[in-house]
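Participant: Enclosed is the structure file start-v3.tsv (TSV, C-alpha atoms).
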chain	number	residue	atom	x	y	z
A	1500	MET	CA	-5.42	29.88	20.53
A	1501	LYS	CA	-3.42	27.22	22.28
A	1502	ASN	CA	-5.03	23.88	22.91
A	1503	LYS	CA	-5.76	23.32	26.58
A	1504	GLU	CA	-4.62	20.02	28.02
A	1505	ILE	CA	-7.60	17.90	29.00
A	1506	ILE	CA	-7.31	16.37	32.47
A	1507	TYR	CA	-9.30	13.19	33.04
A	1508	SER	CA	-10.25	11.56	36.29
A	1509	ARG	CA	-8.48	8.32	37.16
A	1510	GLU	CA	-11.59	6.27	36.41
A	1511	HIS	CA	-12.10	7.95	33.04
A	1512	ALA	CA	-8.42	7.51	32.17
A	1513	GLN	CA	-8.68	3.81	32.99
A	1514	TYR	CA	-11.81	3.57	30.84
A	1515	LEU	CA	-10.04	5.21	27.88
A	1516	LYS	CA	-7.06	2.91	28.35
A	1517	LYS	CA	-9.35	-0.12	28.35
A	1518	GLN	CA	-11.11	1.10	25.21
A	1519	LYS	CA	-7.77	1.58	23.46
A	1520	ARG	CA	-6.64	-1.88	24.54
A	1521	ASN	CA	-9.88	-3.40	23.26
A	1522	LEU	CA	-9.40	-1.62	19.92
A	1523	TRP	CA	-5.90	-3.06	19.56
A	1524	LEU	CA	-7.26	-6.49	20.48
A	1525	VAL	CA	-9.97	-6.26	17.81
A	1526	TRP	CA	-7.42	-5.28	15.16
A	1527	ALA	CA	-5.08	-8.08	16.24
A	1528	LEU	CA	-7.92	-10.61	16.00
A	1529	ARG	CA	-8.93	-9.29	12.58
A	1530	ILE	CA	-5.41	-9.60	11.22
A	1531	GLY	CA	-4.96	-12.97	12.90
A	1532	LEU	CA	-8.20	-14.30	11.40
A	1533	LEU	CA	-7.18	-13.11	7.92
A	1534	ALA	CA	-3.73	-14.68	8.29
A	1535	ALA	CA	-5.30	-17.95	9.50
A	1536	LEU	CA	-7.72	-18.09	6.57
A	1537	LEU	CA	-4.95	-17.38	4.04
A	1538	GLY	CA	-2.71	-19.97	5.70
A	1539	LEU	CA	-5.47	-22.58	5.65
A	1540	TRP	CA	-6.21	-21.78	2.00
A	1541	GLU	CA	-2.55	-22.24	1.09
A	1542	LEU	CA	-2.31	-25.44	3.14
A	1543	VAL	CA	-5.36	-26.96	1.45
A	1544	THR	CA	-3.85	-26.43	-2.01
A	1545	VAL	CA	-0.32	-27.49	-1.04
A	1546	CYS	CA	-1.58	-30.73	0.49
A	1547	GLY	CA	-3.62	-31.47	-2.62
A	1548	TRP	CA	-6.99	-31.37	-0.84
A	1549	ALA	CA	-8.18	-28.91	-3.47
A	1550	ASP	CA	-7.09	-28.31	-7.05
A	1551	PRO	CA	-5.17	-24.99	-7.12
A	1552	PHE	CA	-6.12	-24.58	-10.78
A	1553	ILE	CA	-9.75	-24.21	-9.67
A	1554	THR	CA	-9.42	-22.60	-6.25
A	1555	SER	CA	-6.11	-20.76	-6.81
A	1556	SER	CA	-4.04	-20.01	-3.68
A	1557	PRO	CA	-2.49	-17.00	-1.92
A	1558	SER	CA	0.95	-17.75	-3.36
A	1559	ARG	CA	-0.41	-18.05	-6.92
A	1560	ILE	CA	-2.40	-14.85	-6.47
A	1561	GLY	CA	0.72	-13.06	-5.25
A	1562	ALA	CA	2.69	-14.35	-8.24
A	1563	THR	CA	-0.06	-13.22	-10.66
A	1564	ILE	CA	-0.16	-9.71	-9.13
A	1565	ALA	CA	3.63	-9.53	-9.34
A	1566	SER	CA	3.44	-10.56	-13.01
A	1567	LEU	CA	0.89	-7.83	-13.73
A	1568	TYR	CA	3.16	-5.33	-11.99
A	1569	ARG	CA	6.17	-6.39	-14.07
A	1570	ASP	CA	4.09	-6.09	-17.24
A	1571	GLY	CA	3.18	-2.53	-16.28
A	1572	THR	CA	-0.56	-3.26	-16.50
A	1573	LEU	CA	-1.43	-3.61	-12.81
A	1574	PHE	CA	-1.83	0.05	-11.92
A	1575	TYR	CA	-3.32	0.82	-15.33
A	1576	HIS	CA	-6.23	-1.56	-14.75
A	1577	ILE	CA	-6.58	-0.42	-11.12
A	1578	GLY	CA	-6.60	3.23	-12.20
A	1579	VAL	CA	-9.28	2.65	-14.84
A	1580	THR	CA	-11.68	0.90	-12.46
A	1581	LEU	CA	-10.92	3.20	-9.53
A	1582	GLY	CA	-11.51	6.32	-11.62
A	1583	GLU	CA	-14.81	5.03	-12.99
A	1584	THR	CA	-15.97	3.96	-9.53
A	1585	ILE	CA	-15.09	7.21	-7.75
A	1586	LEU	CA	-16.63	9.36	-10.49
A	1587	GLY	CA	-19.84	7.33	-10.54
A	1588	PHE	CA	-19.94	7.33	-6.71
A	1589	LEU	CA	-19.60	11.11	-6.48
A	1590	ILE	CA	-22.19	11.78	-9.18
A	1591	ALA	CA	-24.67	9.36	-7.58
A	1592	VAL	CA	-24.22	10.89	-4.12
A	1593	VAL	CA	-24.48	14.54	-5.22
A	1594	LEU	CA	-27.36	13.95	-7.62
A	1595	GLY	CA	-29.16	11.67	-5.17
A	1596	CYS	CA	-28.98	14.25	-2.36
A	1597	ALA	CA	-30.19	16.99	-4.72
A	1598	ILE	CA	-33.18	14.88	-5.86
A	1599	ALA	CA	-34.00	13.94	-2.26
A	1600	LEU	CA	-33.98	17.63	-1.29
A	1601	ALA	CA	-36.30	18.47	-4.18
A	1602	LEU	CA	-38.69	15.68	-3.17
A	1603	TRP	CA	-38.66	16.84	0.47
A	1604	TRP	CA	-39.26	20.43	-0.59
A	1605	SER	CA	-42.34	19.58	-2.67
A	1606	ASP	CA	-44.87	17.13	-1.25
A	1607	THR	CA	-46.69	17.03	-4.58
A	1608	LEU	CA	-43.52	16.14	-6.48
A	1609	ARG	CA	-42.72	13.43	-3.94
A	1610	LYS	CA	-46.16	11.86	-4.20
A	1611	VAL	CA	-45.94	11.86	-8.00
A	1612	LEU	CA	-42.43	10.41	-8.29
A	1613	GLU	CA	-42.31	8.04	-5.31
A	1614	PRO	CA	-43.87	5.04	-7.16
A	1615	TYR	CA	-41.41	5.48	-10.03
A	1616	ILE	CA	-38.47	5.58	-7.61
A	1617	VAL	CA	-39.64	2.34	-6.01
A	1618	VAL	CA	-39.96	0.67	-9.41
A	1619	LEU	CA	-36.52	1.88	-10.53
A	1620	ASN	CA	-35.01	0.57	-7.31
A	1621	ALA	CA	-36.52	-2.88	-7.92
A	1622	LEU	CA	-35.48	-2.97	-11.58
A	1623	PRO	CA	-32.44	-5.21	-12.28
A	1624	LYS	CA	-29.97	-2.68	-13.65
A	1625	ILE	CA	-28.15	-5.32	-15.68
A	1626	ALA	CA	-31.27	-5.55	-17.88
A	1627	LEU	CA	-30.51	-2.04	-19.12
A	1628	GLY	CA	-27.04	-3.05	-20.30
A	1629	PRO	CA	-27.83	-3.16	-24.04
A	1630	LEU	CA	-29.60	0.21	-23.84
A	1631	ILE	CA	-26.70	1.76	-21.94
A	1632	ILE	CA	-24.29	0.60	-24.67
A	1633	ILE	CA	-26.51	2.21	-27.32
A	1634	TRP	CA	-26.89	5.44	-25.33
A	1635	CYS	CA	-23.32	5.86	-24.07
A	1636	GLY	CA	-21.18	3.77	-26.41
A	1637	THR	CA	-18.62	1.18	-25.42
A	1638	GLY	CA	-16.25	3.38	-23.42
A	1639	SER	CA	-15.97	4.52	-19.83
A	1640	LYS	CA	-19.12	6.64	-20.13
A	1641	ALA	CA	-21.27	3.50	-20.16
A	1642	ILE	CA	-19.53	2.13	-17.06
A	1643	VAL	CA	-19.85	5.42	-15.15
A	1644	PHE	CA	-23.51	5.62	-16.19
A	1645	MET	CA	-24.11	2.11	-14.83
A	1646	THR	CA	-22.37	3.04	-11.57
A	1647	VAL	CA	-24.54	6.13	-11.20
A	1648	LEU	CA	-27.67	4.17	-12.03
A	1649	VAL	CA	-26.96	1.58	-9.34
A	1650	GLY	CA	-26.14	4.10	-6.60
A	1651	LEU	CA	-28.50	6.96	-7.42
A	1652	ILE	CA	-31.78	5.43	-6.24
A	1653	VAL	CA	-30.12	4.17	-3.06
A	1654	ALA	CA	-28.91	7.70	-2.29
A	1655	VAL	CA	-32.32	9.22	-3.03
A	1656	MET	CA	-34.25	6.76	-0.86
A	1657	HIS	CA	-31.80	6.95	2.07
A	1658	MET	CA	-31.67	10.73	2.18
A	1659	LEU	CA	-35.39	11.25	1.49
A	1660	SER	CA	-36.25	8.95	4.40
A	1661	ALA	CA	-33.85	10.89	6.61
A	1662	PHE	CA	-35.31	14.26	5.61
A	1663	ILE	CA	-38.89	13.10	6.16
A	1664	ALA	CA	-37.97	11.59	9.56
A	1665	THR	CA	-36.95	14.99	10.93
A	1666	ASP	CA	-38.77	15.73	14.19
A	1667	SER	CA	-42.08	17.36	13.21
A	1668	ASN	CA	-42.38	19.11	16.58
A	1669	LYS	CA	-39.08	20.90	16.02
A	1670	ILE	CA	-40.23	21.90	12.53
A	1671	LEU	CA	-43.46	23.33	14.00
A	1672	LEU	CA	-41.42	25.19	16.62
A	1673	LEU	CA	-39.23	26.81	13.98
A	1674	ARG	CA	-42.26	27.71	11.89
A	1675	SER	CA	-43.92	29.33	14.92
A	1676	MET	CA	-40.79	31.45	15.31
A	1677	GLY	CA	-41.12	32.66	11.72
A	1678	ALA	CA	-38.45	30.45	10.10
A	1679	SER	CA	-38.70	29.97	6.34
A	1680	LYS	CA	-38.58	26.56	4.70
A	1681	LEU	CA	-35.00	27.23	3.58
A	1682	GLN	CA	-33.99	28.11	7.15
A	1683	ILE	CA	-35.66	24.95	8.45
A	1684	LEU	CA	-33.72	22.98	5.87
A	1685	GLN	CA	-30.40	24.60	6.79
A	1686	LYS	CA	-30.79	24.68	10.58
A	1687	LEU	CA	-32.68	21.48	11.28
A	1688	VAL	CA	-33.26	19.03	8.43
A	1689	VAL	CA	-29.72	18.84	7.05
A	1690	PRO	CA	-27.92	18.69	10.45
A	1691	SER	CA	-30.30	16.02	11.74
A	1692	SER	CA	-29.64	13.92	8.61
A	1693	LEU	CA	-25.85	13.73	8.92
A	1694	ASN	CA	-25.89	10.23	10.42
A	1695	SER	CA	-28.11	9.00	7.61
A	1696	PHE	CA	-25.82	10.71	5.10
A	1697	ILE	CA	-22.83	8.79	6.44
A	1698	SER	CA	-24.85	5.57	6.41
A	1699	MET	CA	-25.82	6.25	2.79
A	1700	LEU	CA	-22.15	6.80	1.87
A	1701	LYS	CA	-21.19	3.47	3.43
A	1702	VAL	CA	-23.91	1.65	1.50
A	1703	ASN	CA	-23.08	3.46	-1.74
A	1704	VAL	CA	-19.40	2.51	-1.54
A	1705	GLY	CA	-20.43	-1.08	-2.15
A	1706	MET	CA	-23.04	-0.09	-4.72
A	1707	ALA	CA	-20.48	1.95	-6.65
A	1708	TRP	CA	-18.13	-1.03	-6.95
A	1709	ILE	CA	-21.02	-3.27	-7.95
A	1710	GLY	CA	-22.04	-0.79	-10.63
A	1711	SER	CA	-18.57	-0.28	-12.06
A	1712	ILE	CA	-17.75	-3.99	-12.21
A	1713	MET	CA	-21.19	-4.72	-13.64
A	1714	GLY	CA	-20.51	-2.12	-16.30
A	1715	GLU	CA	-17.10	-3.61	-17.07
A	1716	TYR	CA	-18.71	-7.03	-17.39
A	1717	ILE	CA	-20.99	-5.63	-20.10
A	1718	VAL	CA	-18.52	-3.44	-21.97
A	1719	SER	CA	-14.89	-2.73	-21.16
A	1720	LYS	CA	-11.46	-2.82	-22.69
A	1721	ALA	CA	-9.56	-2.34	-19.43
A	1722	GLY	CA	-10.10	-2.47	-15.69
A	1723	LEU	CA	-10.38	-5.10	-12.99
A	1724	GLY	CA	-13.78	-6.23	-14.25
A	1725	TYR	CA	-12.23	-6.74	-17.67
A	1726	LEU	CA	-9.49	-8.89	-16.10
A	1727	ILE	CA	-12.11	-11.00	-14.32
A	1728	VAL	CA	-14.10	-11.53	-17.53
A	1729	TYR	CA	-10.97	-12.25	-19.58
A	1730	GLY	CA	-9.57	-14.60	-16.95
A	1731	GLY	CA	-12.82	-16.54	-16.83
A	1732	GLN	CA	-12.97	-16.84	-20.62
A	1733	VAL	CA	-9.45	-18.27	-20.94
A	1734	PHE	CA	-9.59	-20.24	-17.66
A	1735	LYS	CA	-6.90	-18.14	-15.96
A	1736	LEU	CA	-8.55	-18.44	-12.58
A	1737	ASP	CA	-5.48	-17.06	-10.81
A	1738	LEU	CA	-6.10	-13.83	-12.70
A	1739	VAL	CA	-9.77	-13.86	-11.68
A	1740	MET	CA	-8.91	-14.34	-8.02
A	1741	SER	CA	-6.15	-11.73	-8.15
A	1742	ALA	CA	-8.46	-9.09	-9.60
A	1743	THR	CA	-11.12	-10.01	-7.04
A	1744	CYS	CA	-8.67	-9.65	-4.14
A	1745	ILE	CA	-7.55	-6.24	-5.44
A	1746	LEU	CA	-11.20	-5.20	-5.65
A	1747	CYS	CA	-11.68	-6.19	-2.01
A	1748	LEU	CA	-8.70	-4.07	-0.95
A	1749	LEU	CA	-9.87	-1.04	-2.94
A	1750	ALA	CA	-13.43	-1.31	-1.62
A	1751	ALA	CA	-12.11	-1.59	1.93
A	1752	GLY	CA	-9.95	1.48	1.34
A	1753	MET	CA	-12.93	3.53	0.14
A	1754	TYR	CA	-14.99	2.39	3.09
A	1755	PHE	CA	-12.16	3.36	5.45
A	1756	LEU	CA	-12.12	6.87	3.96
A	1757	VAL	CA	-15.86	7.18	4.65
A	1758	VAL	CA	-15.23	6.09	8.25
A	1759	LEU	CA	-12.56	8.79	8.58
A	1760	LEU	CA	-15.06	11.33	7.22
A	1761	GLU	CA	-17.59	10.14	9.79
A	1762	LYS	CA	-15.08	10.62	12.62
A	1763	ALA	CA	-14.22	14.10	11.35
A	1764	ILE	CA	-17.90	15.10	11.22
A	1765	VAL	CA	-18.54	13.74	14.73
A	1766	LYS	CA	-15.47	15.50	16.09
A	1767	ASN	CA	-16.50	18.77	14.43
A	1768	SER	CA	-20.06	18.52	15.80
A	1769	GLU	CA	-18.78	17.91	19.34
A	1770	SER	CA	-16.33	20.83	19.27
What would the structure in this file look like if it were written as structure tokens?

Facilitator:
Amino acid sequence: MKNKEIIYSREHAQYLKKQKRNLWLVWALRIGLLAALLGLWELVTVCGWADPFITSSPSRIGATIASLYRDGTLFYHIGVTLGETILGFLIAVVLGCAIALALWWSDTLRKVLEPYIVVLNALPKIALGPLIIIWCGTGSKAIVFMTVLVGLIVAVMHMLSAFIATDSNKILLLRSMGASKLQILQKLVVPSSLNSFISMLKVNVGMAWIGSIMGEYIVSKAGLGYLIVYGGQVFKLDLVMSATCILCLLAAGMYFLVVLLEKAIVKNSES
């Protein structure tokens, strides 16, 4: 089937043009603000207003990243942390949605487990570090476990709230028409929770990076968290800042992928 050309009115075309122009303006301002901040940071260190040994600088960070690249360790450390983060993120999201569905399905189970979920959410996960090392060892398993632990409860609480918030009148309507609980779940609860699902993904992107870096702080032999810990121990603050900047870029990239997924879901729902 050939795509039909969409014809807009003049007013709507002008509106779309204005929206596109505003989008370009926002991106230009974002890039300009980042460039201004980096320029000011560099200027402060060059003029001696701040000690570059303590605050580092964009040029020193660039030189450190280039050195890591020449050593062949840059992408190795990025790959280790990225792999642990993505794996922990996916496990937390899938398992969290499954648990939330089970809790929605059974009111009794939800009432029994809800206080424990609240307590686990409030528990500082770093306190479990020694136990995680004993349970999972000192390899990547411990870091992935920490990532899952940090993001799992967030996923459960977000999705459970979304499932429970489904319009009760619509549920009653479907029940009056003879729909089973599984049909209600498929036709109403899950579709109405898509926005909350995307919101949960956005939150869990940050939680996944927190969990993986927290895990690498506790036990790691490679990764960006390892570079941050090592750099702090030997006072190589340029290395600390370089690893932190790379983390920011990777987290932004993951968030951007979630935004693309959101646009794809919205476009599919409108078509």

Participant: If we count only C-alpha atoms and set the cut-off at 12 Å, which residues sit around region 1574-1576 of chain A, ignoring sequence neighbours fewer than 6 positions away in its own chain? Please answer as number ranges by chain.

Facilitator: A: 1564-1568, 1582-1583, 1715, 1719-1727, 1742, 1745-1746

Participant: For region 1527-1541 of chain A, find every residue with an atom within 12 Å (counting only C-alpha atoms), except residues of its own chain fewer than 4 positions away, and show them as a PyMOL selection string.

Facilitator: chain A and resi 1520-1523+1545-1551+1554-1561+1744

Participant: With C-alpha atoms kept, could you save the residues just selected as a JSON list (two decimals), keeping the file's coordinate frame?

Facilitator:
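See selection_9.json below for the written result:
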[["chain", "number", "residue", "atom", "x", "y", "z"],
["A", 1520, "ARG", "CA", -6.64, -1.88, 24.54],
["A", 1521, "ASN", "CA", -9.88, -3.40, 23.26],
["A", 1522, "LEU", "CA", -9.40, -1.62, 19.92],
["A", 1523, "TRP", "CA", -5.90, -3.06, 19.56],
["A", 1545, "VAL", "CA", -0.32, -27.49, -1.04],
["A", 1546, "CYS", "CA", -1.58, -30.73, 0.49],
["A", 1547, "GLY", "CA", -3.62, -31.47, -2.62],
["A", 1548, "TRP", "CA", -6.99, -31.37, -0.84],
["A", 1549, "ALA", "CA", -8.18, -28.91, -3.47],
["A", 1550, "ASP", "CA", -7.09, -28.31, -7.05],
["A", 1551, "PRO", "CA", -5.17, -24.99, -7.12],
["A", 1554, "THR", "CA", -9.42, -22.60, -6.25],
["A", 1555, "SER", "CA", -6.11, -20.76, -6.81],
["A", 1556, "SER", "CA", -4.04, -20.01, -3.68],
["A", 1557, "PRO", "CA", -2.49, -17.00, -1.92],
["A", 1558, "SER", "CA", 0.95, -17.75, -3.36],
["A", 1559, "ARG", "CA", -0.41, -18.05, -6.92],
["A", 1560, "ILE", "CA", -2.40, -14.85, -6.47],
["A", 1561, "GLY", "CA", 0.72, -13.06, -5.25],
["A", 1744, "CYS", "CA", -8.67, -9.65, -4.14]]

Participant: Where's the centre, and what are the edge lengths in Å to one decimal, of a box along x, y and z enclosing all listed atoms of region 1671-1674 of chain A padded 6 Å per side, as lines of an AutoDock Vina configuration file?

Facilitator:
center_x = -41.3
center_y = 25.5
center_z = 14.3
size_x = 16.2
size_y = 16.4
size_z = 16.7

Participant: Nearest to Lys1735 (chain A) among A:Ala1601, A:Met1676, A:Phe1552, A:Leu1684, with distances taken over all atoms listed in the file: which residue is it?

Facilitator: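 Ranking A:Ala1601, A:Met1676, A:Phe1552, A:Leu1684 by distance to Lys1735 (chain A), first place goes to A:Phe1552.
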
Participant: Do you know which residues are at most 10 Å from Val1653 (chain A) counting only C-alpha atoms, after dropping those on the same chain fewer than 3 positions away, and could you put them as a PyMOL selection string?

Facilitator: chain A and resi 1591-1592+1595+1616+1620+1648-1650+1656-1659+1699-1700+1702-1703+1706

Participant: Give me the residues near Trp1603 (chain A) as a ChimeraX atom specification, where near means some atom within 10 Å (using only C-alpha atoms) and where sequence neighbours in that chain fewer than 6 positions away do not count.

Facilitator: /A:1597,1609,1658-1663,1684,1688

Participant: What is the CA of Trp1708 (chain A)-CA of Leu1693 (chain A) distance in Å, reported with one decimal?

Facilitator: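 Computing it gives 23.0 Å between the two atoms.
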
Participant: Would you work out the distance separating CA of Met1713 (chain A) from CA of Thr1584 (chain A), expressed in Å to one decimal?

Facilitator: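 One can read the CA of Met1713 (chain A) to CA of Thr1584 (chain A) distance as 10.9 Å.
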
Participant: Give me, please, the distance in Å between CA of Tyr1716 (chain A) and CA of Ile1625 (chain A), quoted to one decimal.

Facilitator: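 Distance between the two atoms: 9.7 Å.
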
Participant: Here is a test: counting all atoms listed in the file, which residue of A:Val1689, A:Leu1736, A:Val1643, A:Ala1562 is nearest to Ile1709 (chain A)?

Facilitator: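 Closest residue, counting all atoms listed in the file: A:Val1643.
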
Participant: Give the answer as one residue: which of A:Met1740, A:Leu1651, A:Ala1512, A:Gly1636 has the shortest atom-to-atom distance to Cys1596 (chain A), using all atoms listed in the file?

Facilitator: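 Checking each candidate against Cys1596 (chain A), we get A:Leu1651 as the closest.
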
Participant: Missing atoms in region 1621-1634 of chain A: can you complete it with N, CA, C and O atoms, as a tab-separated table (two decimals), in the frame of the given file?

Facilitator:
chain	number	residue	atom	x	y	z
A	1621	ALA	N	-36.32	-1.43	-7.78
A	1621	ALA	CA	-36.52	-2.88	-7.92
A	1621	ALA	C	-36.06	-3.41	-9.26
A	1621	ALA	O	-35.87	-4.62	-9.42
A	1622	LEU	N	-35.86	-2.53	-10.24
A	1622	LEU	CA	-35.48	-2.97	-11.58
A	1622	LEU	C	-34.06	-3.50	-11.61
A	1622	LEU	O	-33.13	-2.83	-11.13
A	1623	PRO	N	-33.83	-4.71	-12.13
A	1623	PRO	CA	-32.44	-5.21	-12.28
A	1623	PRO	C	-31.68	-4.34	-13.28
A	1623	PRO	O	-32.01	-4.30	-14.46
A	1624	LYS	N	-30.67	-3.65	-12.81
A	1624	LYS	CA	-29.97	-2.68	-13.65
A	1624	LYS	C	-29.23	-3.35	-14.81
A	1624	LYS	O	-29.02	-2.74	-15.86
A	1625	ILE	N	-28.87	-4.61	-14.63
A	1625	ILE	CA	-28.15	-5.32	-15.68
A	1625	ILE	C	-29.02	-5.46	-16.92
A	1625	ILE	O	-28.51	-5.58	-18.05
A	1626	ALA	N	-30.36	-5.42	-16.74
A	1626	ALA	CA	-31.27	-5.55	-17.88
A	1626	ALA	C	-31.16	-4.36	-18.82
A	1626	ALA	O	-31.53	-4.46	-19.99
A	1627	LEU	N	-30.66	-3.23	-18.30
A	1627	LEU	CA	-30.51	-2.04	-19.12
A	1627	LEU	C	-29.18	-1.99	-19.85
A	1627	LEU	O	-28.89	-1.00	-20.54
A	1628	GLY	N	-28.37	-3.03	-19.69
A	1628	GLY	CA	-27.04	-3.05	-20.30
A	1628	GLY	C	-27.03	-2.75	-21.79
A	1628	GLY	O	-26.29	-1.87	-22.24
A	1629	PRO	N	-27.83	-3.45	-22.59
A	1629	PRO	CA	-27.83	-3.16	-24.04
A	1629	PRO	C	-28.22	-1.73	-24.36
A	1629	PRO	O	-27.65	-1.11	-25.26
A	1630	LEU	N	-29.19	-1.18	-23.61
A	1630	LEU	CA	-29.60	0.21	-23.84
A	1630	LEU	C	-28.48	1.18	-23.47
A	1630	LEU	O	-28.26	2.18	-24.16
A	1631	ILE	N	-27.78	0.88	-22.38
A	1631	ILE	CA	-26.70	1.76	-21.94
A	1631	ILE	C	-25.59	1.79	-22.99
A	1631	ILE	O	-25.00	2.84	-23.26
A	1632	ILE	N	-25.30	0.65	-23.62
A	1632	ILE	CA	-24.29	0.60	-24.67
A	1632	ILE	C	-24.71	1.47	-25.85
A	1632	ILE	O	-23.91	2.21	-26.42
A	1633	ILE	N	-26.01	1.40	-26.20
A	1633	ILE	CA	-26.51	2.21	-27.32
A	1633	ILE	C	-26.47	3.69	-26.97
A	1633	ILE	O	-26.08	4.53	-27.80
A	1634	TRP	N	-26.85	4.03	-25.73
A	1634	TRP	CA	-26.89	5.44	-25.33
A	1634	TRP	C	-25.50	6.04	-25.15
A	1634	TRP	O	-25.24	7.15	-25.59
